[in-house]
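Visitor: My structure is in my_file.tsv, and what it holds is TSV, N, CA and C atoms:
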```
chain	number	residue	atom	x	y	z
A	348	MET	N	100.21	97.84	65.41
A	348	MET	CA	101.30	98.25	64.56
A	348	MET	C	100.82	98.24	63.11
A	349	LYS	N	101.21	99.25	62.36
A	349	LYS	CA	100.82	99.35	60.96
A	349	LYS	C	101.86	98.67	60.09
A	350	VAL	N	101.41	97.78	59.21
A	350	VAL	CA	102.29	97.08	58.28
A	350	VAL	C	101.94	97.54	56.87
A	351	THR	N	102.93	98.15	56.19
A	351	THR	CA	102.74	98.61	54.83
A	351	THR	C	103.50	97.68	53.90
A	352	ILE	N	102.81	97.12	52.91
A	352	ILE	CA	103.44	96.19	51.97
A	352	ILE	C	103.40	96.81	50.58
A	353	ASN	N	104.58	96.97	49.97
A	353	ASN	CA	104.70	97.51	48.62
A	353	ASN	C	105.37	96.47	47.74
A	354	SER	N	104.81	96.24	46.56
A	354	SER	CA	105.45	95.35	45.60
A	354	SER	C	105.86	96.17	44.39
A	355	VAL	N	107.06	95.94	43.92
A	355	VAL	CA	107.63	96.73	42.83
A	355	VAL	C	107.39	96.00	41.50
A	356	LYS	N	106.61	96.62	40.62
A	356	LYS	CA	106.34	96.15	39.26
A	356	LYS	C	105.59	94.82	39.18
A	357	PHE	N	104.86	94.44	40.22
A	357	PHE	CA	103.96	93.30	40.16
A	357	PHE	C	102.92	93.42	41.25
A	358	LYS	N	101.87	92.63	41.14
A	358	LYS	CA	100.76	92.68	42.10
A	358	LYS	C	100.83	91.44	42.98
A	359	THR	N	100.75	91.66	44.30
A	359	THR	CA	100.78	90.54	45.24
A	359	THR	C	99.35	90.02	45.45
A	360	ASP	N	99.25	88.74	45.82
A	360	ASP	CA	97.93	88.20	46.13
A	360	ASP	C	97.66	88.36	47.63
A	361	LYS	N	96.41	88.22	48.00
A	361	LYS	CA	95.99	88.43	49.40
A	361	LYS	C	96.68	87.45	50.35
A	362	LYS	N	96.87	86.20	49.91
A	362	LYS	CA	97.48	85.19	50.77
A	362	LYS	C	98.90	85.59	51.17
A	363	LEU	N	99.67	86.09	50.20
A	363	LEU	CA	101.05	86.52	50.49
A	363	LEU	C	101.04	87.71	51.43
A	364	GLU	N	100.16	88.68	51.20
A	364	GLU	CA	100.09	89.85	52.07
A	364	GLU	C	99.70	89.46	53.49
A	365	GLU	N	98.74	88.53	53.64
A	365	GLU	CA	98.34	88.08	54.96
A	365	GLU	C	99.47	87.34	55.66
A	366	PHE	N	100.21	86.51	54.90
A	366	PHE	CA	101.34	85.78	55.45
A	366	PHE	C	102.39	86.75	56.00
A	367	ILE	N	102.73	87.77	55.20
A	367	ILE	CA	103.75	88.74	55.61
A	367	ILE	C	103.27	89.54	56.81
A	368	SER	N	102.02	90.02	56.78
A	368	SER	CA	101.48	90.80	57.90
A	368	SER	C	101.51	90.00	59.19
A	369	GLU	N	101.11	88.74	59.10
A	369	GLU	CA	101.10	87.88	60.29
A	369	GLU	C	102.50	87.72	60.87
A	370	LYS	N	103.48	87.48	60.00
A	370	LYS	CA	104.86	87.30	60.46
A	370	LYS	C	105.40	88.57	61.11
A	371	VAL	N	105.14	89.71	60.49
A	371	VAL	CA	105.65	90.98	61.03
A	371	VAL	C	104.95	91.31	62.34
A	372	GLN	N	103.66	91.04	62.43
A	372	GLN	CA	102.92	91.31	63.68
A	372	GLN	C	103.47	90.49	64.83
A	373	LYS	N	103.96	89.29	64.56
A	373	LYS	CA	104.51	88.43	65.62
A	373	LYS	C	105.74	89.05	66.27
A	374	LEU	N	106.41	89.97	65.58
A	374	LEU	CA	107.59	90.63	66.17
A	374	LEU	C	107.23	91.44	67.40
A	375	THR	N	105.97	91.84	67.52
A	375	THR	CA	105.57	92.63	68.69
A	375	THR	C	105.60	91.79	69.97
A	376	THR	N	105.64	90.46	69.85
A	376	THR	CA	105.78	89.62	71.06
A	376	THR	C	107.17	89.80	71.66
A	377	ASN	N	108.16	90.11	70.82
A	377	ASN	CA	109.53	90.33	71.30
A	377	ASN	C	109.75	91.76	71.78
A	378	TYR	N	109.06	92.70	71.17
A	378	TYR	CA	109.31	94.11	71.45
A	378	TYR	C	108.03	94.90	71.25
A	379	ASN	N	107.51	95.49	72.31
A	379	ASN	CA	106.20	96.15	72.26
A	379	ASN	C	106.22	97.54	71.62
A	380	ASP	N	107.38	98.19	71.55
A	380	ASP	CA	107.43	99.58	71.11
A	380	ASP	C	107.62	99.77	69.61
A	381	ILE	N	107.25	98.78	68.80
A	381	ILE	CA	107.38	98.93	67.35
A	381	ILE	C	106.28	99.87	66.87
A	382	ILE	N	106.69	100.93	66.18
A	382	ILE	CA	105.76	101.94	65.71
A	382	ILE	C	105.06	101.47	64.44
A	383	GLY	N	105.83	100.94	63.51
A	383	GLY	CA	105.27	100.48	62.24
A	383	GLY	C	106.32	99.73	61.46
A	384	SER	N	105.93	99.22	60.31
A	384	SER	CA	106.89	98.51	59.47
A	384	SER	C	106.55	98.73	58.00
A	385	GLU	N	107.57	98.65	57.19
A	385	GLU	CA	107.41	98.80	55.75
A	385	GLU	C	108.08	97.60	55.08
A	386	VAL	N	107.33	96.89	54.26
A	386	VAL	CA	107.83	95.71	53.56
A	386	VAL	C	107.84	96.02	52.07
A	387	ILE	N	108.98	95.76	51.42
A	387	ILE	CA	109.09	95.97	49.98
A	387	ILE	C	109.45	94.64	49.34
A	388	LEU	N	108.65	94.24	48.36
A	388	LEU	CA	108.88	93.00	47.62
A	388	LEU	C	109.33	93.35	46.21
A	389	LYS	N	110.43	92.70	45.77
A	389	LYS	CA	110.98	92.98	44.44
A	389	LYS	C	111.36	91.68	43.76
A	390	LEU	N	111.43	91.74	42.43
A	390	LEU	CA	111.98	90.64	41.64
A	390	LEU	C	113.29	91.12	41.04
A	391	GLU	N	114.37	90.39	41.29
A	391	GLU	CA	115.68	90.74	40.72
A	391	GLU	C	115.70	90.33	39.25
A	392	ASN	N	116.39	91.09	38.44
A	392	ASN	CA	116.53	90.74	37.03
A	392	ASN	C	117.78	89.90	36.82
A	393	ASN	N	117.67	88.62	37.08
A	393	ASN	CA	118.78	87.71	36.79
A	393	ASN	C	118.21	86.32	36.49
A	394	GLU	N	119.07	85.42	36.02
A	394	GLU	CA	118.62	84.10	35.63
A	394	GLU	C	118.53	83.13	36.81
A	395	ASN	N	118.99	83.54	37.98
A	395	ASN	CA	118.96	82.67	39.16
A	395	ASN	C	117.52	82.37	39.56
A	396	LEU	N	117.34	81.22	40.21
A	396	LEU	CA	116.04	80.92	40.80
A	396	LEU	C	115.81	81.78	42.04
A	397	GLU	N	116.90	82.16	42.69
A	397	GLU	CA	116.81	82.99	43.89
A	397	GLU	C	116.76	84.46	43.48
A	398	ASN	N	115.57	84.90	43.08
A	398	ASN	CA	115.45	86.28	42.61
A	398	ASN	C	114.33	87.04	43.32
A	399	LYS	N	113.76	86.47	44.39
A	399	LYS	CA	112.70	87.13	45.15
A	399	LYS	C	113.33	87.88	46.33
A	400	VAL	N	113.16	89.19	46.36
A	400	VAL	CA	113.79	90.02	47.39
A	400	VAL	C	112.71	90.56	48.33
A	401	THR	N	112.96	90.40	49.63
A	401	THR	CA	112.09	90.98	50.65
A	401	THR	C	112.94	91.92	51.50
A	402	GLU	N	112.50	93.18	51.60
A	402	GLU	CA	113.14	94.16	52.46
A	402	GLU	C	112.13	94.58	53.52
A	403	ILE	N	112.54	94.51	54.78
A	403	ILE	CA	111.64	94.90	55.87
A	403	ILE	C	112.34	95.96	56.72
A	404	ARG	N	111.63	97.06	56.94
A	404	ARG	CA	112.14	98.13	57.81
A	404	ARG	C	111.18	98.28	58.97
A	405	LEU	N	111.71	98.13	60.19
A	405	LEU	CA	110.91	98.31	61.41
A	405	LEU	C	111.20	99.67	61.99
A	406	MET	N	110.14	100.44	62.23
A	406	MET	CA	110.31	101.73	62.87
A	406	MET	C	110.14	101.55	64.37
A	407	ILE	N	111.20	101.86	65.11
A	407	ILE	CA	111.15	101.80	66.57
A	407	ILE	C	111.67	103.13	67.10
A	408	PRO	N	111.33	103.47	68.34
A	408	PRO	CA	111.82	104.75	68.89
A	408	PRO	C	113.35	104.81	68.86
A	409	GLY	N	113.87	105.88	68.35
A	409	GLY	CA	115.32	106.07	68.32
A	409	GLY	C	115.90	105.84	66.95
A	410	ASN	N	115.65	104.68	66.35
A	410	ASN	CA	116.18	104.38	65.03
A	410	ASN	C	115.36	103.28	64.38
A	411	ASP	N	115.70	102.95	63.15
A	411	ASP	CA	114.98	101.90	62.42
A	411	ASP	C	115.87	100.67	62.30
A	412	LEU	N	115.23	99.51	62.24
A	412	LEU	CA	115.94	98.26	61.98
A	412	LEU	C	115.59	97.82	60.57
A	413	PHE	N	116.56	97.21	59.87
A	413	PHE	CA	116.37	96.87	58.46
A	413	PHE	C	116.93	95.49	58.17
A	414	ALA	N	116.22	94.73	57.34
A	414	ALA	CA	116.73	93.44	56.88
A	414	ALA	C	116.32	93.25	55.42
A	415	LYS	N	117.26	92.73	54.63
A	415	LYS	CA	117.00	92.45	53.21
A	415	LYS	C	117.47	91.03	52.93
A	416	LYS	N	116.59	90.20	52.40
A	416	LYS	CA	116.93	88.81	52.10
A	416	LYS	C	116.46	88.44	50.71
A	417	ILE	N	117.21	87.56	50.04
A	417	ILE	CA	116.90	87.08	48.70
A	417	ILE	C	116.75	85.57	48.76
A	418	SER	N	115.71	85.05	48.11
A	418	SER	CA	115.45	83.62	48.17
A	418	SER	C	114.66	83.18	46.94
A	419	LYS	N	114.28	81.88	46.93
A	419	LYS	CA	113.50	81.32	45.82
A	419	LYS	C	112.04	81.73	45.87
A	420	SER	N	111.54	82.04	47.07
A	420	SER	CA	110.14	82.45	47.21
A	420	SER	C	110.06	83.63	48.18
A	421	PHE	N	109.00	84.40	48.06
A	421	PHE	CA	108.82	85.54	48.96
A	421	PHE	C	108.58	85.07	50.39
A	422	GLU	N	107.93	83.92	50.56
A	422	GLU	CA	107.70	83.39	51.90
A	422	GLU	C	109.02	83.06	52.59
A	423	GLU	N	109.91	82.42	51.85
A	423	GLU	CA	111.20	82.04	52.41
A	423	GLU	C	112.06	83.27	52.74
A	424	SER	N	112.09	84.24	51.83
A	424	SER	CA	112.89	85.44	52.09
A	424	SER	C	112.28	86.27	53.22
A	425	THR	N	110.95	86.25	53.36
A	425	THR	CA	110.30	86.93	54.48
A	425	THR	C	110.68	86.28	55.79
A	426	ASP	N	110.64	84.94	55.84
A	426	ASP	CA	111.04	84.23	57.06
A	426	ASP	C	112.47	84.57	57.46
A	427	GLN	N	113.37	84.60	56.48
A	427	GLN	CA	114.78	84.90	56.77
A	427	GLN	C	114.94	86.33	57.28
A	428	ALA	N	114.21	87.27	56.67
A	428	ALA	CA	114.29	88.68	57.11
A	428	ALA	C	113.72	88.84	58.51
A	429	ILE	N	112.63	88.14	58.82
A	429	ILE	CA	112.03	88.20	60.16
A	429	ILE	C	113.01	87.65	61.19
A	430	ASP	N	113.68	86.54	60.87
A	430	ASP	CA	114.69	85.98	61.79
A	430	ASP	C	115.81	86.98	62.05
A	431	ALA	N	116.26	87.66	61.00
A	431	ALA	CA	117.32	88.66	61.16
A	431	ALA	C	116.84	89.82	62.03
A	432	LEU	N	115.59	90.24	61.85
A	432	LEU	CA	115.05	91.34	62.65
A	432	LEU	C	114.87	90.93	64.11
A	433	LYS	N	114.51	89.67	64.36
A	433	LYS	CA	114.39	89.19	65.74
A	433	LYS	C	115.73	89.33	66.46
A	434	LYS	N	116.81	88.94	65.78
A	434	LYS	CA	118.15	89.06	66.37
A	434	LYS	C	118.48	90.53	66.65
A	435	GLN	N	118.13	91.41	65.69
A	435	GLN	CA	118.40	92.83	65.87
A	435	GLN	C	117.59	93.40	67.04
A	436	LEU	N	116.34	92.96	67.17
A	436	LEU	CA	115.50	93.43	68.29
A	436	LEU	C	116.06	92.99	69.63
A	437	ILE	N	116.55	91.75	69.70
A	437	ILE	CA	117.14	91.25	70.94
A	437	ILE	C	118.38	92.07	71.29
A	438	LYS	N	119.24	92.34	70.30
A	438	LYS	CA	120.43	93.17	70.54
A	438	LYS	C	120.03	94.56	71.01
A	439	HIS	N	119.00	95.12	70.37
A	439	HIS	CA	118.54	96.47	70.72
A	439	HIS	C	118.01	96.51	72.16
A	440	LYS	N	117.23	95.50	72.53
A	440	LYS	CA	116.70	95.44	73.90
A	440	LYS	C	117.83	95.30	74.92
A	441	ASP	N	118.81	94.46	74.61
A	441	ASP	CA	119.97	94.28	75.52
A	441	ASP	C	120.73	95.59	75.67
A	442	LYS	N	120.87	96.32	74.57
A	442	LYS	CA	121.58	97.60	74.61
A	442	LYS	C	120.82	98.61	75.49
A	443	LEU	N	119.50	98.60	75.39
A	443	LEU	CA	118.70	99.51	76.22
A	443	LEU	C	118.81	99.17	77.69
A	444	ARG	N	118.92	97.89	77.99
A	444	ARG	CA	119.06	97.45	79.38
A	444	ARG	C	120.47	97.66	79.93
A	445	GLY	N	121.41	97.89	79.02
A	445	GLY	CA	122.79	98.11	79.43
A	445	GLY	C	123.56	96.81	79.62
A	446	ILE	N	123.18	95.77	78.92
A	446	ILE	CA	123.88	94.48	79.02
A	446	ILE	C	125.01	94.43	78.01
```
Represent the structure from my file as structure tokens, please.

Guide:
Amino acid sequence: MKVTINSVKFKTDKKLEEFISEKVQKLTTNYNDIIGSEVILKLENNENLENKVTEIRLMIPGNDLFAKKISKSFEESTDQAIDALKKQLIKHKDKLRGI
């Protein structure tokens, strides 16, 4: 699966990119038909500590799954987005099975 990581108006370090790629790749254990994924990292313009935004779009046959989470760190928001996508993948698989 191809993982594309884009950061808006800042440069990510290799450790963060590897962390995100590893987490997204683990989603294939739940669902084998993932075509690719696109991760967008942004910084919100506000005074809150929770200003790190991670958006993940999974391309799967039929439609795309999307999760957007905001947190204090990109690692934390990535973890939350991955958890949301796992739930969406489980629902999608159940729907395909007719449950």

Visitor: I need the residue nearest A:Lys358 from this list: A:Asp380, A:Leu390, A:Asp426, A:Val371. Use only C-alpha atoms for the distance.

Guide: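 Nearest candidate to A:Lys358 out of A:Asp380, A:Leu390, A:Asp426, A:Val371: A:Leu390.
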
Visitor: Work out how far atom CA of A:Gly383 is from atom CA of A:Glu369, in Å to one decimal.

Guide: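 About the pair atom CA of A:Glu369 and atom CA of A:Gly383: they are 13.4 Å apart.
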
Visitor: Counting only C-alpha atoms, which residues come within 10 Å of (111.6, 100.7, 59.1), with the point read in the file's coordinates, and could you list them as a list in words?

Guide: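 Nearby residues: Ile381, Ile382, Gly383, Ser384, Glu385, Val386, Glu402, Ile403, Arg404, Leu405, Met406, Ile407, Asn410, Asp411, Leu412, Phe413 and Ala414 of chain A.
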
Visitor: Could you dump the residues just selected with N, CA and C atoms as a PDB file, keeping the file's coordinate frame?

Guide:
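Below you can see selection06.pdb, which holds the result:
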```pdb
ATOM      1  N   ILE A 381     107.250  98.780  68.800  1.00  0.00           N
ATOM      2  CA  ILE A 381     107.380  98.930  67.350  1.00  0.00           C
ATOM      3  C   ILE A 381     106.280  99.870  66.870  1.00  0.00           C
ATOM      4  N   ILE A 382     106.690 100.930  66.180  1.00  0.00           N
ATOM      5  CA  ILE A 382     105.760 101.940  65.710  1.00  0.00           C
ATOM      6  C   ILE A 382     105.060 101.470  64.440  1.00  0.00           C
ATOM      7  N   GLY A 383     105.830 100.940  63.510  1.00  0.00           N
ATOM      8  CA  GLY A 383     105.270 100.480  62.240  1.00  0.00           C
ATOM      9  C   GLY A 383     106.320  99.730  61.460  1.00  0.00           C
ATOM     10  N   SER A 384     105.930  99.220  60.310  1.00  0.00           N
ATOM     11  CA  SER A 384     106.890  98.510  59.470  1.00  0.00           C
ATOM     12  C   SER A 384     106.550  98.730  58.000  1.00  0.00           C
ATOM     13  N   GLU A 385     107.570  98.650  57.190  1.00  0.00           N
ATOM     14  CA  GLU A 385     107.410  98.800  55.750  1.00  0.00           C
ATOM     15  C   GLU A 385     108.080  97.600  55.080  1.00  0.00           C
ATOM     16  N   VAL A 386     107.330  96.890  54.260  1.00  0.00           N
ATOM     17  CA  VAL A 386     107.830  95.710  53.560  1.00  0.00           C
ATOM     18  C   VAL A 386     107.840  96.020  52.070  1.00  0.00           C
ATOM     19  N   GLU A 402     112.500  93.180  51.600  1.00  0.00           N
ATOM     20  CA  GLU A 402     113.140  94.160  52.460  1.00  0.00           C
ATOM     21  C   GLU A 402     112.130  94.580  53.520  1.00  0.00           C
ATOM     22  N   ILE A 403     112.540  94.510  54.780  1.00  0.00           N
ATOM     23  CA  ILE A 403     111.640  94.900  55.870  1.00  0.00           C
ATOM     24  C   ILE A 403     112.340  95.960  56.720  1.00  0.00           C
ATOM     25  N   ARG A 404     111.630  97.060  56.940  1.00  0.00           N
ATOM     26  CA  ARG A 404     112.140  98.130  57.810  1.00  0.00           C
ATOM     27  C   ARG A 404     111.180  98.280  58.970  1.00  0.00           C
ATOM     28  N   LEU A 405     111.710  98.130  60.190  1.00  0.00           N
ATOM     29  CA  LEU A 405     110.910  98.310  61.410  1.00  0.00           C
ATOM     30  C   LEU A 405     111.200  99.670  61.990  1.00  0.00           C
ATOM     31  N   MET A 406     110.140 100.440  62.230  1.00  0.00           N
ATOM     32  CA  MET A 406     110.310 101.730  62.870  1.00  0.00           C
ATOM     33  C   MET A 406     110.140 101.550  64.370  1.00  0.00           C
ATOM     34  N   ILE A 407     111.200 101.860  65.110  1.00  0.00           N
ATOM     35  CA  ILE A 407     111.150 101.800  66.570  1.00  0.00           C
ATOM     36  C   ILE A 407     111.670 103.130  67.100  1.00  0.00           C
ATOM     37  N   ASN A 410     115.650 104.680  66.350  1.00  0.00           N
ATOM     38  CA  ASN A 410     116.180 104.380  65.030  1.00  0.00           C
ATOM     39  C   ASN A 410     115.360 103.280  64.380  1.00  0.00           C
ATOM     40  N   ASP A 411     115.700 102.950  63.150  1.00  0.00           N
ATOM     41  CA  ASP A 411     114.980 101.900  62.420  1.00  0.00           C
ATOM     42  C   ASP A 411     115.870 100.670  62.300  1.00  0.00           C
ATOM     43  N   LEU A 412     115.230  99.510  62.240  1.00  0.00           N
ATOM     44  CA  LEU A 412     115.940  98.260  61.980  1.00  0.00           C
ATOM     45  C   LEU A 412     115.590  97.820  60.570  1.00  0.00           C
ATOM     46  N   PHE A 413     116.560  97.210  59.870  1.00  0.00           N
ATOM     47  CA  PHE A 413     116.370  96.870  58.460  1.00  0.00           C
ATOM     48  C   PHE A 413     116.930  95.490  58.170  1.00  0.00           C
ATOM     49  N   ALA A 414     116.220  94.730  57.340  1.00  0.00           N
ATOM     50  CA  ALA A 414     116.730  93.440  56.880  1.00  0.00           C
ATOM     51  C   ALA A 414     116.320  93.250  55.420  1.00  0.00           C
TER      52      ALA A 414
END
```

Visitor: Which of chain A end up as helix (DSSP H, G or I) when DSSP is run on this backbone - answer as number ranges by chain?

Guide: A: 361-376, 421-444

Visitor: With only C-alpha atoms as the basis for distance, which of A:Pro408, A:Asp441, A:Lys389, A:Phe421 is at the shortest distance from A:Ile367?

Guide: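 So, comparing all the options, the nearest one is A:Phe421.
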
Visitor: Applying 10 Å and only C-alpha atoms, which residues near A:Ser418 remain after dropping the ones on its own chain fewer than 4 positions away? List them as a list in words.

Guide: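 Once the adjacent positions are removed, what remains is Asn395, Leu396, Glu397, Asn398, Lys399, Val400, Thr401, Glu422, Glu423, Ser424, Thr425, Asp426 and Gln427 of chain A.
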